[in-house]
Amino acid sequence: MIIHDVICPFCGCLCDDLELECEGGKIIKVQNGCALAESTFMTDTRLPAPIRRTESGWEEISYNEAIKETAEILQGADRPLLYGWSSTHGEAQSVGVHIAELIGAVIDNTSTVCHGPSILAIQEVGHPGCTLGQVKNRADVIIYWGCNPIEAHPRHMSRYTTYATGFFVPDAQRERTVIVVDTRRTDTAGIADEFVQIEHGGDYAVLSALRAIVRGKASVIPAKVAGVSKEQLIRIAEICKTAKFGAIFFGLGLTMSRGKYKNIRNAIELTDELNRHTKFVISPLRGHGNVYGSNEVFTWMTGYPFAVDFARGIAFYNPGETTAVDILRRGECDAALIVASDPGANFPRAAAAHLAKIPTVVIDPHVNATTALARIHIPCTAAGIDAAGTAYRMDGVPIRLKKVIDRGYPDDAEILKKIYDRLNGGKGP
Ligand code: SF4
């Protein structure tokens with residue numbers, strides 16, 4: 001059987017043109033996807049049942065036992081943390097927020113270690129963005145700043161930018177100018193028309209210099225700014241000012257380098273400045289398939305996009321204090337529920353070590369590095385493979401993920417609803 005128009009749930013591009021060939025309840029071929037999509041659909045390392053850590057190793061337990069024990073762990077905790085949510089659908093994310101509110105927990109998503117600074121900057125100065133469709137059809141200048149889409153979002157360039165034929169850009173390869181700004185020569189830099197190599201931590205200075213040049217104040221710029229020559233900066237500013245439509249995409253190289261959210265604020269203000277001359281937009285390249293959705297769901301339910309603390313009985317948001325990494329590093333939380341993410345693989349050592357000290361429950365389709373720190377791991381469906389649901393693309397467009405196969409696992413939203421029921425004396429959210 002061939003299934004058409006399948007959405008790949010792996011990265012924020014949520015490519016919606018995949019074709020899957022299924023046979024005997026298995027996916028045997030993935031067409032149109034990149035290598036990441038192929039391994040997403042073809043690899044399945046799921047446990048057959050939930051597991052619980054014992055003194056001598058792991059033992060299999062039933063879903064009912066796992067759900068009961070998880071509810072007891074959360075119920076008995078003074079400062080529970082619910083973290084992750086970016087690789088599952090909005091339906092599971094919304095149950096997570098209900099649980100957090102019910103038990104007075106902190107709920108945070110993976111933006112806390114990726115584009116949290118982008119959100120803080122957008123809260124301060126707004127977001128001159130647009131859909132990826134607009135970029136595909138109109139943009140003749142593309143800037144990738146602090147990101148490497150060839151490795152992290154392999155089809156971004158072929159679907160929306162460098163190689164994508166657009167309505168107003170019929171000969172994309174000739175008509176689009178691609179500029180890459182990075183501290184090292186990445187694969188993406190290798191195919192750019194202009195590569196701007198900046199010194200580590202120099203993003204803020206380079207953005208400020210570009211703003212000054214666009215403002216007509218090139219005379220105040222020194223001969224070199226963070227390793228970039230004044231001539232190149234003037235050339236880049238000119239390319240941007242004379243574009244018909246420009247788009248800046250930025251990644252963790254900008255959000256997580258020195259300056260953090262101030263870098264993004266400066267980049268947005270550069271975009272504003274360029275809009276005095278032409279049309280320019282800016283957008284973060286979001287990583288996990290539905291990390292944008294976790295910000296959306298959290299915001300429409302609590303008013304805040306991540307790091308929401310219900311300990312006071314109301315939603316409280318203070319990144320740096322209520323963010324998962326900070327709570328763990330301070331050794332503050334005494335139980336954790338990790339859903340659809342792998343903090344054990346990417347949190348700072350002290351934060352990950354605290355997860356191993358407290359009762360941690362993982363609800364995730366696959367065994368991952370966090371499993372090694374956990375007391376219980378509950379396997380579930382993978383959104384977009386054996387569960388349908390809503391996800392948000394990196395440009396904020398909601399897309400319905402398809403269920404393409406049945407592998408016999410319960411949906412994580414169902415598992416979470418059962419945990420909620422237990423915590424709430426049998427009454428659902
Ligand atoms: S670019 Fe991202 S969404 Fe598209 S097929 Fe590759 S991994 Fe999937």
# chains A, B, ... in the order shown; residues from 1 in each chain; ligands from 1

$ residues_near_ligand --ligand "ligand 1" --cutoff "8 Å" --atoms "only C-alpha atoms and all ligand atoms" --output "list in words"
Ile7, Cys8, Pro9, Phe10, Cys11, Gly12, Cys13, Leu14, Cys15, Asp16, Leu18, Asn32, Gly33, Cys34, Ala35, Leu36, Ala37, Glu38, Thr40, Ala152, His153, Pro154, Arg155, His156 and Gly289 of chain A

$ select_by_dssp --residues "segment 141-341 of chain A" --states "strand (DSSP E or B)" --output "VMD selection string"
chain A and resid 141 to 145 177 to 182 194 to 197 224 to 225 228 to 229 245 to 250 279 to 284 288 308 to 309 316 to 317 335 to 339

$ select_by_dssp --residues "segment 1-61 of chain A" --states "alpha helix (DSSP H)" --output "PyMOL selection string"
chain A and resi 35-42

$ residues_around --residues "Tyr409 of chain A" --least-positions-apart "4" --cutoff "9 Å" --atoms "only C-alpha atoms" --output "PDB file with N, CA and C atoms, in the first residue's frame"
ATOM      1  N   PRO A  48       8.559  -3.312  24.277  1.00  0.00           N
ATOM      2  CA  PRO A  48       7.246  -3.965  24.101  1.00  0.00           C
ATOM      3  C   PRO A  48       6.240  -3.530  25.167  1.00  0.00           C
ATOM      4  N   ALA A  49       6.732  -3.091  26.336  1.00  0.00           N
ATOM      5  CA  ALA A  49       5.835  -2.718  27.453  1.00  0.00           C
ATOM      6  C   ALA A  49       6.562  -1.724  28.358  1.00  0.00           C
ATOM      7  N   PRO A 365       8.090   7.327  22.791  1.00  0.00           N
ATOM      8  CA  PRO A 365       8.060   6.109  21.976  1.00  0.00           C
ATOM      9  C   PRO A 365       9.352   5.298  22.117  1.00  0.00           C
ATOM     10  N   PRO A 379       6.428   3.274  26.997  1.00  0.00           N
ATOM     11  CA  PRO A 379       6.426   3.465  25.540  1.00  0.00           C
ATOM     12  C   PRO A 379       5.036   3.846  25.041  1.00  0.00           C
ATOM     13  N   CYS A 380       4.977   4.616  23.962  1.00  0.00           N
ATOM     14  CA  CYS A 380       3.684   5.087  23.448  1.00  0.00           C
ATOM     15  C   CYS A 380       3.791   5.238  21.937  1.00  0.00           C
ATOM     16  N   THR A 381       2.719   5.738  21.338  1.00  0.00           N
ATOM     17  CA  THR A 381       2.734   5.986  19.895  1.00  0.00           C
ATOM     18  C   THR A 381       3.697   7.121  19.566  1.00  0.00           C
ATOM     19  N   ALA A 382       4.100   7.188  18.308  1.00  0.00           N
ATOM     20  CA  ALA A 382       4.896   8.323  17.834  1.00  0.00           C
ATOM     21  C   ALA A 382       3.979   9.190  16.983  1.00  0.00           C
ATOM     22  N   ASP A 386       2.263   6.471  14.194  1.00  0.00           N
ATOM     23  CA  ASP A 386       1.113   5.648  14.568  1.00  0.00           C
ATOM     24  C   ASP A 386       0.106   6.402  15.433  1.00  0.00           C
TER      25      ASP A 386
END

$ atom_distance --atom1 "atom CA of Ala243 of chain A" --atom2 "atom CA of Trp145 of chain A"
17.3 Å

$ closest_residue --among "A:Ile385, A:Ile99, A:Lys136, A:Gly396" --to "Ala71 of chain A" --atoms "only C-alpha atoms"
A:Ile99

$ closest_residue --among "A:Gly425, A:Pro410, A:Gly104, A:Gly259" --to "Ala92 of chain A" --atoms "only C-alpha atoms"
A:Pro410

$ atom_distance --atom1 "atom CA of Ile179 of chain A" --atom2 "atom CA of Gln197 of chain A"
10.7 Å

$ residues_around --residues "Thr271 of chain A" --least-positions-apart "3" --cutoff "12 Å" --atoms "only C-alpha atoms" --output "CSV table (one decimal) with C-alpha atoms, in the first residue's frame"
chain,number,residue,atom,x,y,z
A,125,VAL,CA,10.0,43.9,19.9
A,126,GLY,CA,7.5,41.8,17.9
A,127,HIS,CA,8.0,39.4,15.0
A,128,PRO,CA,8.1,40.6,11.4
A,129,GLY,CA,7.7,37.1,10.0
A,143,ILE,CA,20.2,34.9,5.0
A,207,LEU,CA,24.2,43.0,13.6
A,208,SER,CA,24.7,46.5,15.1
A,210,LEU,CA,24.7,46.3,9.7
A,211,ARG,CA,22.0,48.4,11.3
A,214,VAL,CA,21.5,50.5,6.6
A,215,ARG,CA,20.8,53.7,8.5
A,237,ALA,CA,23.8,45.7,3.6
A,240,CYS,CA,19.7,43.4,1.5
A,241,LYS,CA,18.6,47.0,0.8
A,245,PHE,CA,12.0,40.5,-0.6
A,246,GLY,CA,14.5,39.3,1.9
A,247,ALA,CA,14.2,36.5,4.6
A,248,ILE,CA,16.5,35.9,7.5
A,249,PHE,CA,16.5,32.4,9.2
A,264,ILE,CA,17.7,38.1,18.4
A,265,ARG,CA,16.3,41.5,19.4
A,266,ASN,CA,19.1,43.2,17.4
A,267,ALA,CA,18.4,40.9,14.4
A,268,ILE,CA,14.7,41.8,14.5
A,274,LEU,CA,15.6,47.0,6.3
A,275,ASN,CA,11.8,47.4,6.0
A,276,ARG,CA,12.4,51.1,5.5
A,277,HIS,CA,14.0,50.2,2.2
A,278,THR,CA,12.3,46.9,1.1
A,279,LYS,CA,10.3,44.0,2.4
A,280,PHE,CA,12.3,41.9,4.9
A,281,VAL,CA,11.2,39.1,7.3
A,282,ILE,CA,12.9,37.1,10.0
A,283,SER,CA,12.1,33.7,11.5

$ atom_distance --atom1 "atom CA of Arg52 of chain A" --atom2 "atom CA of Ala307 of chain A"
28.1 Å

$ closest_residue --among "A:Glu19, A:Asp272, A:Asp364, A:Asp406" --to "Pro50 of chain A" --atoms "only C-alpha atoms"
A:Asp364

$ closest_residue --among "A:His200, A:Lys403, A:Arg258, A:Arg329" --to "Lys357 of chain A" --atoms "only C-alpha atoms"
A:Arg329

$ closest_residue --among "A:Asp309, A:Asp108, A:Glu414, A:Glu296" --to "Arg393 of chain A" --atoms "only C-alpha atoms"
A:Glu296

$ closest_residue --among "A:Val397, A:Val181, A:Leu120, A:Leu337" --to "Lys262 of chain A" --atoms "only C-alpha atoms"
A:Leu120

$ residues_around --residues "Ala209 of chain A" --least-positions-apart "5" --cutoff "8 Å" --atoms "only C-alpha atoms" --output "list in words"
Ala218, Ile221, Val225 and Leu233 of chain A

$ write_last_selection --atoms "N, CA, C and O atoms" --output "PDB file, in the first residue's frame"
ATOM      1  N   ALA A 218      27.596  54.440   7.816  1.00  0.00           N
ATOM      2  CA  ALA A 218      28.756  53.568   7.588  1.00  0.00           C
ATOM      3  C   ALA A 218      30.051  54.202   8.070  1.00  0.00           C
ATOM      4  O   ALA A 218      31.004  53.500   8.423  1.00  0.00           O
ATOM      5  N   ILE A 221      31.685  52.957  11.311  1.00  0.00           N
ATOM      6  CA  ILE A 221      32.086  51.543  11.433  1.00  0.00           C
ATOM      7  C   ILE A 221      33.604  51.414  11.279  1.00  0.00           C
ATOM      8  O   ILE A 221      34.174  51.949  10.323  1.00  0.00           O
ATOM      9  N   VAL A 225      34.792  44.372  12.055  1.00  0.00           N
ATOM     10  CA  VAL A 225      33.864  44.169  13.175  1.00  0.00           C
ATOM     11  C   VAL A 225      33.759  42.670  13.413  1.00  0.00           C
ATOM     12  O   VAL A 225      33.293  41.941  12.529  1.00  0.00           O
ATOM     13  N   LEU A 233      30.695  44.064   5.026  1.00  0.00           N
ATOM     14  CA  LEU A 233      29.465  44.494   5.705  1.00  0.00           C
ATOM     15  C   LEU A 233      28.667  45.456   4.821  1.00  0.00           C
ATOM     16  O   LEU A 233      27.440  45.351   4.717  1.00  0.00           O
TER      17      LEU A 233
END

$ residues_around --residues "Gly303 of chain A" --least-positions-apart "3" --cutoff "12 Å" --atoms "only C-alpha atoms" --output "list in words"
Val97, Asn295, Glu296, Val297, Phe298, Thr299, Trp300, Phe306, Ala307, Val308, Asp309, Ile314, Ala315, Phe316 and Tyr317 of chain A

$ write_last_selection --atoms "C-alpha atoms" --output "short mmCIF file (atom, residue, chain, number, x, y, z; two decimals), in the first residue's frame"
data_model
loop_
_atom_site.label_atom_id
_atom_site.label_comp_id
_atom_site.auth_asym_id
_atom_site.auth_seq_id
_atom_site.Cartn_x
_atom_site.Cartn_y
_atom_site.Cartn_z
CA VAL A 97 -0.87 21.63 30.90
CA ASN A 295 4.66 27.25 22.55
CA GLU A 296 1.23 27.73 20.94
CA VAL A 297 -0.59 25.28 23.20
CA PHE A 298 1.09 26.60 26.37
CA THR A 299 0.30 30.18 25.35
CA TRP A 300 -3.35 29.69 24.56
CA PHE A 306 7.26 27.92 28.15
CA ALA A 307 8.57 27.70 31.75
CA VAL A 308 5.12 28.00 33.35
CA ASP A 309 4.97 27.52 37.12
CA ILE A 314 -1.90 30.64 38.95
CA ALA A 315 0.35 30.60 35.90
CA PHE A 316 3.67 32.31 36.69
CA TYR A 317 6.45 32.79 34.11
#

$ decode --residues "segment 264-278 of chain A" --atoms "all heavy atoms" --output "mmCIF file, in the first residue's frame"
data_model
loop_
_atom_site.group_PDB
_atom_site.id
_atom_site.type_symbol
_atom_site.label_atom_id
_atom_site.label_comp_id
_atom_site.auth_asym_id
_atom_site.auth_seq_id
_atom_site.Cartn_x
_atom_site.Cartn_y
_atom_site.Cartn_z
ATOM 1 N N ILE A 264 18.910 38.279 19.173
ATOM 2 C CA ILE A 264 17.681 38.136 18.369
ATOM 3 C C ILE A 264 16.971 39.486 18.285
ATOM 4 O O ILE A 264 16.483 39.886 17.232
ATOM 5 C CB ILE A 264 16.722 37.079 18.985
ATOM 6 C CG1 ILE A 264 17.487 35.837 19.414
ATOM 7 C CG2 ILE A 264 15.602 36.752 18.008
ATOM 8 C CD1 ILE A 264 18.326 35.184 18.378
ATOM 9 N N ARG A 265 16.948 40.192 19.406
ATOM 10 C CA ARG A 265 16.321 41.518 19.406
ATOM 11 C C ARG A 265 17.013 42.424 18.379
ATOM 12 O O ARG A 265 16.363 43.123 17.609
ATOM 13 C CB ARG A 265 16.423 42.113 20.820
ATOM 14 C CG ARG A 265 15.677 43.405 20.909
ATOM 15 C CD ARG A 265 15.845 44.108 22.230
ATOM 16 N NE ARG A 265 15.466 45.483 21.985
ATOM 17 C CZ ARG A 265 14.658 46.193 22.727
ATOM 18 N NH1 ARG A 265 14.149 45.681 23.799
ATOM 19 N NH2 ARG A 265 14.347 47.431 22.396
ATOM 20 N N ASN A 266 18.338 42.345 18.348
ATOM 21 C CA ASN A 266 19.091 43.163 17.404
ATOM 22 C C ASN A 266 18.795 42.736 15.954
ATOM 23 O O ASN A 266 18.659 43.576 15.064
ATOM 24 C CB ASN A 266 20.598 43.011 17.699
ATOM 25 C CG ASN A 266 21.362 44.293 17.467
ATOM 26 O OD1 ASN A 266 20.790 45.308 17.105
ATOM 27 N ND2 ASN A 266 22.664 44.243 17.660
ATOM 28 N N ALA A 267 18.674 41.420 15.746
ATOM 29 C CA ALA A 267 18.377 40.918 14.393
ATOM 30 C C ALA A 267 16.984 41.365 13.948
ATOM 31 O O ALA A 267 16.770 41.734 12.784
ATOM 32 C CB ALA A 267 18.483 39.397 14.366
ATOM 33 N N ILE A 268 16.027 41.362 14.881
ATOM 34 C CA ILE A 268 14.670 41.813 14.534
ATOM 35 C C ILE A 268 14.705 43.312 14.223
ATOM 36 O O ILE A 268 14.058 43.790 13.273
ATOM 37 C CB ILE A 268 13.679 41.499 15.691
ATOM 38 C CG1 ILE A 268 13.511 39.988 15.837
ATOM 39 C CG2 ILE A 268 12.322 42.154 15.433
ATOM 40 C CD1 ILE A 268 12.702 39.555 17.055
ATOM 41 N N GLU A 269 15.501 44.052 14.988
ATOM 42 C CA GLU A 269 15.570 45.501 14.737
ATOM 43 C C GLU A 269 16.287 45.805 13.421
ATOM 44 O O GLU A 269 15.949 46.768 12.735
ATOM 45 C CB GLU A 269 16.218 46.192 15.941
ATOM 46 C CG GLU A 269 15.194 46.206 17.090
ATOM 47 C CD GLU A 269 15.712 46.787 18.380
ATOM 48 O OE1 GLU A 269 16.919 46.682 18.632
ATOM 49 O OE2 GLU A 269 14.897 47.327 19.148
ATOM 50 N N LEU A 270 17.248 44.946 13.042
ATOM 51 C CA LEU A 270 17.852 45.082 11.707
ATOM 52 C C LEU A 270 16.782 44.847 10.629
ATOM 53 O O LEU A 270 16.709 45.573 9.634
ATOM 54 C CB LEU A 270 19.005 44.080 11.547
ATOM 55 C CG LEU A 270 19.565 43.928 10.132
ATOM 56 C CD1 LEU A 270 20.220 45.228 9.647
ATOM 57 C CD2 LEU A 270 20.585 42.777 10.051
ATOM 58 N N THR A 271 15.946 43.842 10.868
ATOM 59 C CA THR A 271 14.859 43.547 9.912
ATOM 60 C C THR A 271 13.922 44.757 9.801
ATOM 61 O O THR A 271 13.515 45.140 8.691
ATOM 62 C CB THR A 271 14.077 42.299 10.380
ATOM 63 O OG1 THR A 271 15.014 41.259 10.656
ATOM 64 C CG2 THR A 271 13.086 41.836 9.332
ATOM 65 N N ASP A 272 13.580 45.348 10.929
ATOM 66 C CA ASP A 272 12.733 46.558 10.919
ATOM 67 C C ASP A 272 13.398 47.653 10.097
ATOM 68 O O ASP A 272 12.752 48.332 9.291
ATOM 69 C CB ASP A 272 12.539 47.086 12.348
ATOM 70 C CG ASP A 272 11.513 46.267 13.105
ATOM 71 O OD1 ASP A 272 10.812 45.480 12.462
ATOM 72 O OD2 ASP A 272 11.435 46.423 14.330
ATOM 73 N N GLU A 273 14.707 47.798 10.335
ATOM 74 C CA GLU A 273 15.464 48.846 9.625
ATOM 75 C C GLU A 273 15.406 48.610 8.117
ATOM 76 O O GLU A 273 15.185 49.536 7.330
ATOM 77 C CB GLU A 273 16.919 48.775 10.114
ATOM 78 C CG GLU A 273 17.722 50.017 9.960
ATOM 79 C CD GLU A 273 17.221 51.145 10.825
ATOM 80 O OE1 GLU A 273 17.242 51.035 12.071
ATOM 81 O OE2 GLU A 273 16.784 52.140 10.223
ATOM 82 N N LEU A 274 15.579 47.340 7.718
ATOM 83 C CA LEU A 274 15.562 47.012 6.280
ATOM 84 C C LEU A 274 14.181 47.252 5.672
ATOM 85 O O LEU A 274 14.057 47.525 4.481
ATOM 86 C CB LEU A 274 15.995 45.553 6.068
ATOM 87 C CG LEU A 274 17.498 45.311 6.270
ATOM 88 C CD1 LEU A 274 17.799 43.815 6.428
ATOM 89 C CD2 LEU A 274 18.285 45.880 5.086
ATOM 90 N N ASN A 275 13.144 47.157 6.513
ATOM 91 C CA ASN A 275 11.792 47.395 5.991
ATOM 92 C C ASN A 275 11.543 48.863 5.641
ATOM 93 O O ASN A 275 10.513 49.205 5.067
ATOM 94 C CB ASN A 275 10.741 46.877 6.975
ATOM 95 C CG ASN A 275 10.442 45.405 6.725
ATOM 96 O OD1 ASN A 275 9.806 45.050 5.734
ATOM 97 N ND2 ASN A 275 10.935 44.546 7.589
ATOM 98 N N ARG A 276 12.478 49.752 5.972
ATOM 99 C CA ARG A 276 12.380 51.143 5.497
ATOM 100 C C ARG A 276 12.778 51.223 4.028
ATOM 101 O O ARG A 276 12.542 52.229 3.362
ATOM 102 C CB ARG A 276 13.307 52.050 6.300
ATOM 103 C CG ARG A 276 12.902 52.220 7.749
ATOM 104 C CD ARG A 276 14.038 52.851 8.535
ATOM 105 N NE ARG A 276 13.814 52.691 9.957
ATOM 106 C CZ ARG A 276 13.425 53.679 10.766
ATOM 107 N NH1 ARG A 276 13.245 54.879 10.284
ATOM 108 N NH2 ARG A 276 13.220 53.471 12.041
ATOM 109 N N HIS A 277 13.467 50.166 3.542
ATOM 110 C CA HIS A 277 13.961 50.174 2.163
ATOM 111 C C HIS A 277 13.233 49.164 1.278
ATOM 112 O O HIS A 277 13.031 49.393 0.098
ATOM 113 C CB HIS A 277 15.463 49.834 2.140
ATOM 114 C CG HIS A 277 16.288 50.796 2.925
ATOM 115 N ND1 HIS A 277 16.838 51.927 2.365
ATOM 116 C CD2 HIS A 277 16.630 50.818 4.241
ATOM 117 C CE1 HIS A 277 17.503 52.599 3.305
ATOM 118 N NE2 HIS A 277 17.382 51.950 4.446
ATOM 119 N N THR A 278 12.905 48.003 1.838
ATOM 120 C CA THR A 278 12.274 46.941 1.052
ATOM 121 C C THR A 278 11.489 46.036 2.006
ATOM 122 O O THR A 278 11.293 46.381 3.170
ATOM 123 C CB THR A 278 13.347 46.145 0.277
ATOM 124 O OG1 THR A 278 12.702 45.155 -0.519
ATOM 125 C CG2 THR A 278 14.351 45.464 1.207
#
